[in-house]
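Chemist: My questions all concern the structure below.
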Amino acid sequence: MAVLDGLYPPRTAEAWDAVGTVCGDPDQPVRRILLAVDPTSTTVDEAEEWDADLLFTHHPLFLRPVHSVAATTFKGALVHRLIRAGCALHTAHTNADAAPDGVAEGLARAVGLTDLEPLVPAPSPALDKVVVFVPADSTEKVVDALASAGAGSLGEYTRCAWTTTGEGSFVPGQGARPAIGGRGSLTRVTEDRVEMVLPRSARGRVLAALREAHPYEEPAFDVLELAGTPSGTGTGRVGRTPPGTTLGSFARTVAATLPPTPQGVRVA
């Protein structure tokens with residue numbers, strides 16, 4: 001499930017869609033996976049005969065809220081059959097359409113398009129940047145703590161941080177308990193400015209980790225909300241045809257590439 005959700009994140013599905021695991025035990029070993037477009041009686045027959053551990057479909061079995069999976073209903077009966085057979089059911093629908101290397105990109109490449117971009121790009125996940133000022137001898141400890149809490153991940157890289165050194169100054173009040181310097185006296189300290197990017201959803205735990213790891217009673221930090229940028233995920237794909245392609249030749253390529261259907265290929 002983690003692999004499938006990594007390829008096709010459920011959060012990228014359309015709001016009306018219903019994706020993810022329909023039935024199955026996450027601790028069950030998976031040796032044989034049957035892929036299908038629809039979870040129909042025929043595909044469940046095949047999953048049973050083939051001794052599949054997982055039926056992975058594109059279209060959902062349940063698209064609207066469900067209050068019963070009684071075997072007296074058609075869809076409920078399929079769920080009961082799958083459970084008795086020890087076969088899980090998982091769906092990736094519009095999240096598989098939108099994903100990089102997903103359904104839309106596969107179709108676009110199959111008909112010869114290049115330089116692909118989403119037709120309707122989805123925004124990238126919301127990001128923050130935390131900027132904190134740390135005495136130089138505590139920088140590594142604070143960076144480690146922020147990274148463990150979820151900051152500093154960029155693609156395949158982790159613990160990403162930018163650091164520069166300067167001088168900080170402060171005067172502790174009479175009620176303060178300064179880690180460096182004394183009450184009422186101007187204190188100057190060589191400090192590192194540390195910047196790390198984090199998912200906005202991780203802001204709370206990252207700031208808690210910062211306060212826990214930082215040696216100061218009152219650490220100085222900023223949290224900046226980063227502007228959203230288009231991602232490689234989104235609805236549909238637009239791309240370029242090979243040089244010299246006409247509408248007619250493109251239509252013939254599409255017809256030759258895709259499985260035949262009663263409608264055929266309609267071109268305008």
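Identifiers in this document derive from the order of the structure tokens: chains are assigned A, B, ..., residues are numbered from 1 separately in each chain, and ligands are numbered from 1 in order of occurrence.
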Using DSSP on the backbone coordinates, identify all residues within stretch 165-261 of chain A classified as helix (DSSP H, G or I); present the result as a compact mmCIF listing (two decimals) with N, CA, C and O atoms, in the first residue's frame.
Modeler:
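Result saved to part_33.txt:
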# COMPACT_ATOMS: atom_id res chain seq x y z
N ARG A 200 4.14 22.29 5.38
CA ARG A 200 3.38 23.11 6.32
C ARG A 200 2.67 22.25 7.36
O ARG A 200 2.49 22.66 8.50
N SER A 201 2.30 21.04 6.97
CA SER A 201 1.62 20.14 7.90
C SER A 201 2.52 19.73 9.06
O SER A 201 2.04 19.27 10.10
N ALA A 202 3.85 19.88 8.89
CA ALA A 202 4.80 19.48 9.94
C ALA A 202 5.22 20.65 10.82
O ALA A 202 6.07 20.48 11.70
N ARG A 203 4.62 21.83 10.60
CA ARG A 203 5.09 23.03 11.30
C ARG A 203 5.08 22.85 12.82
O ARG A 203 6.05 23.18 13.51
N GLY A 204 3.99 22.32 13.37
CA GLY A 204 3.88 22.19 14.82
C GLY A 204 4.97 21.34 15.42
O GLY A 204 5.62 21.72 16.40
N ARG A 205 5.20 20.16 14.85
CA ARG A 205 6.21 19.27 15.44
C ARG A 205 7.63 19.78 15.19
O ARG A 205 8.52 19.54 16.01
N VAL A 206 7.86 20.49 14.07
CA VAL A 206 9.19 21.04 13.82
C VAL A 206 9.51 22.14 14.82
O VAL A 206 10.62 22.20 15.38
N LEU A 207 8.54 23.02 15.10
CA LEU A 207 8.79 24.08 16.07
C LEU A 207 8.95 23.51 17.48
O LEU A 207 9.76 24.02 18.27
N ALA A 208 8.21 22.46 17.80
CA ALA A 208 8.39 21.82 19.11
C ALA A 208 9.80 21.24 19.22
O ALA A 208 10.46 21.35 20.27
N ALA A 209 10.29 20.61 18.13
CA ALA A 209 11.65 20.06 18.14
C ALA A 209 12.69 21.17 18.25
O ALA A 209 13.72 21.02 18.92
N LEU A 210 12.42 22.30 17.59
CA LEU A 210 13.35 23.44 17.66
C LEU A 210 13.49 23.91 19.10
O LEU A 210 14.60 24.11 19.60
N ARG A 211 12.37 24.12 19.78
CA ARG A 211 12.41 24.62 21.15
C ARG A 211 13.09 23.61 22.08
O ARG A 211 13.80 23.99 23.02
N GLU A 212 12.86 22.32 21.82
CA GLU A 212 13.45 21.29 22.67
C GLU A 212 14.97 21.22 22.50
O GLU A 212 15.70 21.03 23.49
N ALA A 213 15.46 21.36 21.26
CA ALA A 213 16.89 21.18 21.00
C ALA A 213 17.70 22.45 21.19
O ALA A 213 18.91 22.39 21.42
N LEU A 247 -3.57 16.42 -38.61
CA LEU A 247 -4.68 15.92 -37.80
C LEU A 247 -5.06 14.50 -38.22
O LEU A 247 -5.29 13.63 -37.38
N GLY A 248 -5.09 14.27 -39.52
CA GLY A 248 -5.45 12.95 -40.01
C GLY A 248 -4.45 11.89 -39.60
O GLY A 248 -4.84 10.79 -39.15
N SER A 249 -3.15 12.19 -39.73
CA SER A 249 -2.14 11.18 -39.37
C SER A 249 -2.14 10.94 -37.87
O SER A 249 -1.93 9.80 -37.41
N PHE A 250 -2.38 11.99 -37.09
CA PHE A 250 -2.44 11.81 -35.64
C PHE A 250 -3.63 10.93 -35.26
O PHE A 250 -3.52 10.03 -34.42
N ALA A 251 -4.78 11.17 -35.90
CA ALA A 251 -5.96 10.35 -35.62
C ALA A 251 -5.70 8.88 -35.96
O ALA A 251 -6.11 7.98 -35.21
N ARG A 252 -5.01 8.63 -37.07
CA ARG A 252 -4.72 7.24 -37.44
C ARG A 252 -3.77 6.60 -36.43
O ARG A 252 -3.90 5.41 -36.12
N THR A 253 -2.80 7.38 -35.92
CA THR A 253 -1.89 6.86 -34.89
C THR A 253 -2.65 6.48 -33.64
O THR A 253 -2.43 5.42 -33.04
N VAL A 254 -3.57 7.37 -33.23
CA VAL A 254 -4.37 7.08 -32.03
C VAL A 254 -5.19 5.81 -32.24
O VAL A 254 -5.25 4.93 -31.38
N ALA A 255 -5.83 5.70 -33.41
CA ALA A 255 -6.68 4.53 -33.69
C ALA A 255 -5.85 3.25 -33.71
O ALA A 255 -6.32 2.19 -33.26
N ALA A 256 -4.63 3.32 -34.24
CA ALA A 256 -3.79 2.13 -34.33
C ALA A 256 -3.20 1.75 -32.97
O ALA A 256 -2.90 0.58 -32.73
N THR A 257 -3.04 2.74 -32.09
CA THR A 257 -2.37 2.50 -30.81
C THR A 257 -3.33 1.96 -29.77
O THR A 257 -2.98 1.07 -28.99
Chemist: Please report, as a ChimeraX atom specification, each residue of stretch 71-263 of chain A to which DSSP assigns strand (DSSP E) when run on this structure's backbone.
Modeler: /A:88-91,114-123,127-135,162-170,187-199,221-225,230-240
Chemist: Rank nothing, just name the residue among A:Leu113, A:Val22, A:Leu55, A:Cys87 nearest to A:Pro243, using only C-alpha atoms.
Modeler: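 Result for the nearest residue to A:Pro243: A:Leu113.
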Chemist: Per residue of stretch 66-152 of chain A within 8 Å of stretch 158-176 of chain A, what are the shortest atom pair and its distance in Å to one decimal, counting only C-alpha atoms, with rows by chain and residue number, as JSON lines?
Modeler:
{"residue": "A:Ala136", "atom": "CA", "partner": "A:Thr165", "partner_atom": "CA", "distance": 7.8}
{"residue": "A:Val143", "atom": "CA", "partner": "A:Arg159", "partner_atom": "CA", "distance": 7.4}
{"residue": "A:Asp144", "atom": "CA", "partner": "A:Arg159", "partner_atom": "CA", "distance": 7.3}
{"residue": "A:Ala147", "atom": "CA", "partner": "A:Arg159", "partner_atom": "CA", "distance": 5.2}
{"residue": "A:Ala151", "atom": "CA", "partner": "A:Arg159", "partner_atom": "CA", "distance": 7.1}
{"residue": "A:Gly152", "atom": "CA", "partner": "A:Cys160", "partner_atom": "CA", "distance": 4.4}
Chemist: Mind giving me the straight-line distance from atom CA of A:Thr229 to atom CA of A:Glu117 in Å, one decimal?
Modeler: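 Here the two named atoms are 13.8 Å from each other.
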Chemist: Nearest to A:Cys23: which of A:Pro60, A:Gly155, A:Pro242, A:Pro10 is it, counting only C-alpha atoms?
Modeler: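 Smallest distance to A:Cys23 is found for A:Pro60.
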Chemist: For atom CA of A:Leu226 and atom CA of A:Leu127, quote the distance in Å rounded to one decimal.
Modeler: 5.6 Å
Chemist: In Å, how far is it from atom CA of A:Met196 to atom CA of A:Val131?
Modeler: 6.8 Å
Chemist: Given the choices A:Gly239, A:Pro215, A:Pro100, A:Pro135, which gets closest to A:Val189 if the distance is worked out from only C-alpha atoms?
Modeler: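 Result for the nearest residue to A:Val189: A:Pro135.
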